[in-house]
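Trainee: I'd like to ask some things about the structure below.
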Amino acid sequence: MKIATWNVNSLKVRLPQLLDWLAQAKPDVMCLQETKLEDARFPVAEIEAAGYRAVFAGQKTYNGVAILAAASLEAVSSGFPQEHKRLLAATVDGLRVVCVYCPNGQAVGSEKYAYKLAWFAQLRDWLRDELARHPRLAVLGDFNVAPEDRDVHDPAAWEGQIHVSPPERAAFRALLDLGLADAFRLFPQPEKSFSWWDYRRMGFRRNAGLRIDEILLSDPLARACTACAIDKAPRKLERPSDHTPVVAELNVAGTGSA
DNA sequence: ATGGCTACGATCCGTAGA
């Protein structure tokens with residue numbers, strides 16, 4: 001079973017790239033963030049034509065999440081009460097899938113930073129219950145936290161900044177402490193592996209990036225995980241998202257492809 | 001000098017992202 005996540009930074013703009021990627025990668029589950037679409041404008045027909053069902057929670061201009069799956073999506077939940085469309089959960093083939101778009105935080109010490117840390121605390125509390133109900137649980141998405149210095153292209157330049165500050169990293173670790181593993185770090189990986197690169201200053205060409213998109217797996221799924229990788233190919237396309245997909249393979253029964 | 005790019009919704013500038 002192949003599961004994936006991608007912050008598409010506008011599904012309207014990235015829909016052709018998403019459809020191409022689905023056709024090539026054939027994931028069983030695909031989590032999307034920053035769709036930036038009201039639900040009435042979600043491209044249901046195009047997604048279904050590609051062989052996927054979808055559940056989505058969107059709003060105009062900002063945020064917005066979706067889960068696509070080849071199999072049926074059941075027990076859909078938007079998690080804890082919140083003002084933004086940042087969280088969606090569904091069960092696919094007995095796998096509990098949680099799609100998250102964690103707040104950016106803007107700048108350390110700002111109001112949005114406090115909001116980010118409070119949101120992570122709520123996410124942790126909600127995930128603790130979710131994990132108790134669903135032992136086979138995966139959390140995929142844009143966490144907006146680079147967990148360690150090796151997830152940062154220039155740790156000295158970023159020290160103490162947004163996405164790497166110690167309170168943010170502690171908030172991320174608190175999720176792992178629930179009994180979740182960062183799938184990417186279950187395997188040897190290339191040095192300087194990132195999932196996001198700034199549009200400015202030729203960030204991608206300089207590989208000036210951060211690894212802020214992650215896949216977290218509960219113990220049974222971590223043991224079943226055979227691979228996790230970042231697919232940089234979409235970042236090389238014309239008019240790319242600033243994020244690129246992250247993919248994990250699970251050796252579990254699934255009715256989908258792969 | 002502290003931006004540089006992209007998307008969006010408001011109008012050819014401000015907000016937000018990371």
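We name chains A, B, ... following the order of the structure tokens; residues begin at 1 in each chain, and ligands are numbered from 1 as shown.
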Step one, run DSSP on the backbone; step two, keep only residues of segment 16-239 of chain A assigned to alpha helix (DSSP H); then write them as a PyMOL selection string.
Mentor: chain A and resi 16-25+44-49+111-133+155-158+166-176+219-224
Trainee: Got time to write the residues from that selection, C-alpha atoms, as a PDB file, in the first residue's frame?
Mentor:
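Written output follows (out.pdb):
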```
ATOM      1  CA  PRO A  16      -2.865  19.011 -14.055  1.00  0.00           C
ATOM      2  CA  GLN A  17       0.331  18.223 -12.132  1.00  0.00           C
ATOM      3  CA  LEU A  18      -1.626  16.279  -9.526  1.00  0.00           C
ATOM      4  CA  LEU A  19      -3.399  14.188 -12.163  1.00  0.00           C
ATOM      5  CA  ASP A  20      -0.082  13.433 -13.872  1.00  0.00           C
ATOM      6  CA  TRP A  21       1.487  12.485 -10.566  1.00  0.00           C
ATOM      7  CA  LEU A  22      -1.410  10.189  -9.594  1.00  0.00           C
ATOM      8  CA  ALA A  23      -1.193   8.440 -12.971  1.00  0.00           C
ATOM      9  CA  GLN A  24       2.543   7.830 -12.538  1.00  0.00           C
ATOM     10  CA  ALA A  25       2.856   7.131  -8.812  1.00  0.00           C
ATOM     11  CA  VAL A  44     -14.595  16.064  -8.065  1.00  0.00           C
ATOM     12  CA  ALA A  45     -15.146  14.977 -11.679  1.00  0.00           C
ATOM     13  CA  GLU A  46     -11.450  15.157 -12.615  1.00  0.00           C
ATOM     14  CA  ILE A  47     -10.408  13.272  -9.474  1.00  0.00           C
ATOM     15  CA  GLU A  48     -13.024  10.565 -10.062  1.00  0.00           C
ATOM     16  CA  ALA A  49     -11.988  10.263 -13.703  1.00  0.00           C
ATOM     17  CA  GLU A 111       0.383  35.974  17.554  1.00  0.00           C
ATOM     18  CA  LYS A 112       0.434  33.371  14.799  1.00  0.00           C
ATOM     19  CA  TYR A 113       3.341  31.641  16.510  1.00  0.00           C
ATOM     20  CA  ALA A 114       1.309  31.310  19.712  1.00  0.00           C
ATOM     21  CA  TYR A 115      -1.586  30.033  17.611  1.00  0.00           C
ATOM     22  CA  LYS A 116       0.695  27.442  15.999  1.00  0.00           C
ATOM     23  CA  LEU A 117       1.907  26.101  19.342  1.00  0.00           C
ATOM     24  CA  ALA A 118      -1.629  25.997  20.747  1.00  0.00           C
ATOM     25  CA  TRP A 119      -2.813  24.194  17.616  1.00  0.00           C
ATOM     26  CA  PHE A 120      -0.085  21.572  17.992  1.00  0.00           C
ATOM     27  CA  ALA A 121      -1.137  20.991  21.615  1.00  0.00           C
ATOM     28  CA  GLN A 122      -4.727  20.433  20.479  1.00  0.00           C
ATOM     29  CA  LEU A 123      -3.530  18.141  17.701  1.00  0.00           C
ATOM     30  CA  ARG A 124      -1.517  16.095  20.201  1.00  0.00           C
ATOM     31  CA  ASP A 125      -4.481  15.700  22.536  1.00  0.00           C
ATOM     32  CA  TRP A 126      -6.804  14.781  19.682  1.00  0.00           C
ATOM     33  CA  LEU A 127      -4.295  12.335  18.184  1.00  0.00           C
ATOM     34  CA  ARG A 128      -3.846  10.609  21.540  1.00  0.00           C
ATOM     35  CA  ASP A 129      -7.550   9.663  21.506  1.00  0.00           C
ATOM     36  CA  GLU A 130      -7.532   8.887  17.795  1.00  0.00           C
ATOM     37  CA  LEU A 131      -4.572   6.562  18.235  1.00  0.00           C
ATOM     38  CA  ALA A 132      -6.323   4.777  21.105  1.00  0.00           C
ATOM     39  CA  ARG A 133      -9.288   4.101  18.810  1.00  0.00           C
ATOM     40  CA  PRO A 155      21.021  25.361  10.371  1.00  0.00           C
ATOM     41  CA  ALA A 156      23.158  28.291  11.515  1.00  0.00           C
ATOM     42  CA  ALA A 157      21.179  30.773   9.430  1.00  0.00           C
ATOM     43  CA  TRP A 158      17.878  29.284  10.598  1.00  0.00           C
ATOM     44  CA  PRO A 166      12.926  24.743  20.109  1.00  0.00           C
ATOM     45  CA  PRO A 167       9.242  25.096  21.135  1.00  0.00           C
ATOM     46  CA  GLU A 168       8.124  24.084  17.631  1.00  0.00           C
ATOM     47  CA  ARG A 169      10.460  21.106  17.613  1.00  0.00           C
ATOM     48  CA  ALA A 170       9.231  20.130  21.072  1.00  0.00           C
ATOM     49  CA  ALA A 171       5.637  20.316  19.790  1.00  0.00           C
ATOM     50  CA  PHE A 172       6.566  18.013  16.914  1.00  0.00           C
ATOM     51  CA  ARG A 173       8.390  15.614  19.240  1.00  0.00           C
ATOM     52  CA  ALA A 174       5.312  15.518  21.464  1.00  0.00           C
ATOM     53  CA  LEU A 175       3.477  13.947  18.523  1.00  0.00           C
ATOM     54  CA  LEU A 176       6.195  11.319  18.145  1.00  0.00           C
ATOM     55  CA  ASP A 219       3.958   1.215  15.708  1.00  0.00           C
ATOM     56  CA  PRO A 220       2.155  -1.457  13.650  1.00  0.00           C
ATOM     57  CA  LEU A 221       2.491   0.663  10.511  1.00  0.00           C
ATOM     58  CA  ALA A 222       6.090   1.630  11.189  1.00  0.00           C
ATOM     59  CA  ARG A 223       6.929  -2.075  11.377  1.00  0.00           C
ATOM     60  CA  ALA A 224       5.107  -2.595   8.065  1.00  0.00           C
TER      61      ALA A 224
END
```
Trainee: Within 12 Å of chain A, which residues of chain B show up? Give each one with its shortest atom-to-atom distance in Å (one decimal) and the two atoms involved, counting only C-alpha atoms (C1' of nucleotides), rows by chain then rising residue number, as CSV.
Mentor:
```
residue,atom,partner,partner_atom,distance
B:DG3,C1',A:Arg200,CA,9.4
B:DG4,C1',A:Arg200,CA,5.3
B:DC5,C1',A:Arg200,CA,4.6
B:DT6,C1',A:Tyr199,CA,7.1
B:DA7,C1',A:Ser10,CA,7.3
B:DC8,C1',A:Thr61,CA,5.9
B:DG9,C1',A:Thr61,CA,8.1
B:DT15,C1',A:Thr61,CA,10.7
B:DA16,C1',A:Tyr62,CA,8.5
B:DG17,C1',A:Asn104,CA,7.5
B:DA18,C1',A:Asn104,CA,6.8
```
Trainee: Take the residues just selected and output them with N, CA and C atoms (P, O5', C5', C4', C3', O3' and C1' of nucleotides) as a compact mmCIF listing (two decimals), in the first residue's frame.
Mentor:
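Below is the file that was written, out20.txt:
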```txt
# COMPACT_ATOMS: atom_id res chain seq x y z
P DG B 3 12.30 41.91 4.13
O5' DG B 3 12.64 42.15 2.58
C5' DG B 3 12.07 43.23 1.85
C4' DG B 3 12.47 43.10 0.39
C3' DG B 3 11.85 41.90 -0.32
O3' DG B 3 11.44 42.29 -1.62
C1' DG B 3 14.20 41.70 -0.35
P DG B 4 10.37 41.41 -2.35
O5' DG B 4 11.29 40.48 -3.25
C5' DG B 4 12.15 41.08 -4.22
C4' DG B 4 13.10 40.03 -4.77
C3' DG B 4 12.43 38.69 -5.14
O3' DG B 4 12.99 38.25 -6.37
C1' DG B 4 14.21 38.30 -3.67
P DC B 5 12.03 37.80 -7.54
O5' DC B 5 11.17 36.56 -7.07
C5' DC B 5 11.63 35.26 -7.34
C4' DC B 5 10.54 34.26 -7.00
C3' DC B 5 9.30 34.33 -7.91
O3' DC B 5 8.99 33.00 -8.26
C1' DC B 5 8.65 34.50 -5.63
P DT B 6 8.01 32.66 -9.45
O5' DT B 6 6.62 32.41 -8.72
C5' DT B 6 6.45 31.25 -7.96
C4' DT B 6 5.14 31.30 -7.21
C3' DT B 6 3.91 31.58 -8.07
O3' DT B 6 3.09 30.43 -8.00
C1' DT B 6 3.88 32.82 -6.03
P DA B 7 1.75 30.37 -8.88
O5' DA B 7 0.65 30.81 -7.82
C5' DA B 7 0.39 29.97 -6.71
C4' DA B 7 -0.74 30.56 -5.90
C3' DA B 7 -1.93 31.02 -6.74
O3' DA B 7 -3.11 30.43 -6.21
C1' DA B 7 -1.21 32.76 -5.29
P DC B 8 -4.50 30.67 -6.92
O5' DC B 8 -5.09 31.87 -6.07
C5' DC B 8 -5.21 31.73 -4.65
C4' DC B 8 -5.63 33.05 -4.06
C3' DC B 8 -6.78 33.69 -4.84
O3' DC B 8 -7.94 33.70 -4.03
C1' DC B 8 -5.07 35.26 -4.26
P DG B 9 -9.37 33.94 -4.65
O5' DG B 9 -9.66 35.47 -4.24
C5' DG B 9 -9.61 35.84 -2.87
C4' DG B 9 -9.50 37.34 -2.77
C3' DG B 9 -10.54 38.10 -3.62
O3' DG B 9 -11.07 39.19 -2.87
C1' DG B 9 -8.39 38.85 -4.14
P DT B 15 -1.57 44.70 4.42
O5' DT B 15 -1.81 43.14 4.22
C5' DT B 15 -3.13 42.66 4.00
C4' DT B 15 -3.10 41.15 3.85
C3' DT B 15 -2.22 40.43 4.89
O3' DT B 15 -2.99 39.41 5.49
C1' DT B 15 -1.67 39.71 2.70
P DA B 16 -2.44 38.63 6.78
O5' DA B 16 -1.77 37.32 6.18
C5' DA B 16 -2.58 36.45 5.40
C4' DA B 16 -1.69 35.45 4.72
C3' DA B 16 -0.62 34.82 5.62
O3' DA B 16 -1.02 33.49 5.90
C1' DA B 16 0.19 35.33 3.41
P DG B 17 -0.15 32.53 6.86
O5' DG B 17 0.73 31.76 5.78
C5' DG B 17 0.09 31.06 4.72
C4' DG B 17 1.14 30.66 3.71
C3' DG B 17 2.35 29.91 4.30
O3' DG B 17 2.57 28.76 3.53
C1' DG B 17 3.06 31.65 2.89
P DA B 18 3.07 27.39 4.28
O5' DA B 18 4.64 27.61 4.35
C5' DA B 18 5.40 27.44 3.17
C4' DA B 18 6.85 27.78 3.44
C3' DA B 18 7.45 27.10 4.66
O3' DA B 18 8.78 26.70 4.38
C1' DA B 18 7.71 29.42 4.88
```
Trainee: Give the answer as one residue: which of A:Glu83, A:Gly160, A:Val252, A:Lys12 has the shortest atom-to-atom distance to Leu95 of chain A, using only C-alpha atoms?
Mentor: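 Ranking A:Glu83, A:Gly160, A:Val252, A:Lys12 by distance to Leu95 of chain A, first place goes to A:Val252.
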Trainee: Residues within 6 Å of Ser218 of chain A, please, as a list of chain:residue names. Count only C-alpha atoms (C1' of nucleotides); anything in the same chain fewer than 4 positions from it doesn't count.
Mentor: A:Leu137, A:Gly179, A:Leu180, A:Ala222
Trainee: Go ahead and write the selection's residues with N, CA and C atoms as a compact mmCIF listing (two decimals), in the first residue's frame.
Mentor:
```
# COMPACT_ATOMS: atom_id res chain seq x y z
N LEU A 137 -2.63 3.82 12.46
CA LEU A 137 -2.87 5.23 12.17
C LEU A 137 -1.66 5.88 11.51
N GLY A 179 3.71 7.81 20.27
CA GLY A 179 3.95 6.49 19.72
C GLY A 179 3.91 6.50 18.20
N LEU A 180 4.38 7.60 17.63
CA LEU A 180 4.43 7.73 16.17
C LEU A 180 5.88 7.85 15.72
N ALA A 222 4.65 1.41 11.31
CA ALA A 222 6.09 1.63 11.19
C ALA A 222 6.80 0.30 10.93
```
Trainee: For atom CA of Lys236 of chain A and atom CA of Arg206 of chain A, determine how far apart the two atoms are, in Å to one decimal place.
Mentor: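 Separation of atom CA of Lys236 of chain A and atom CA of Arg206 of chain A: 12.7 Å.
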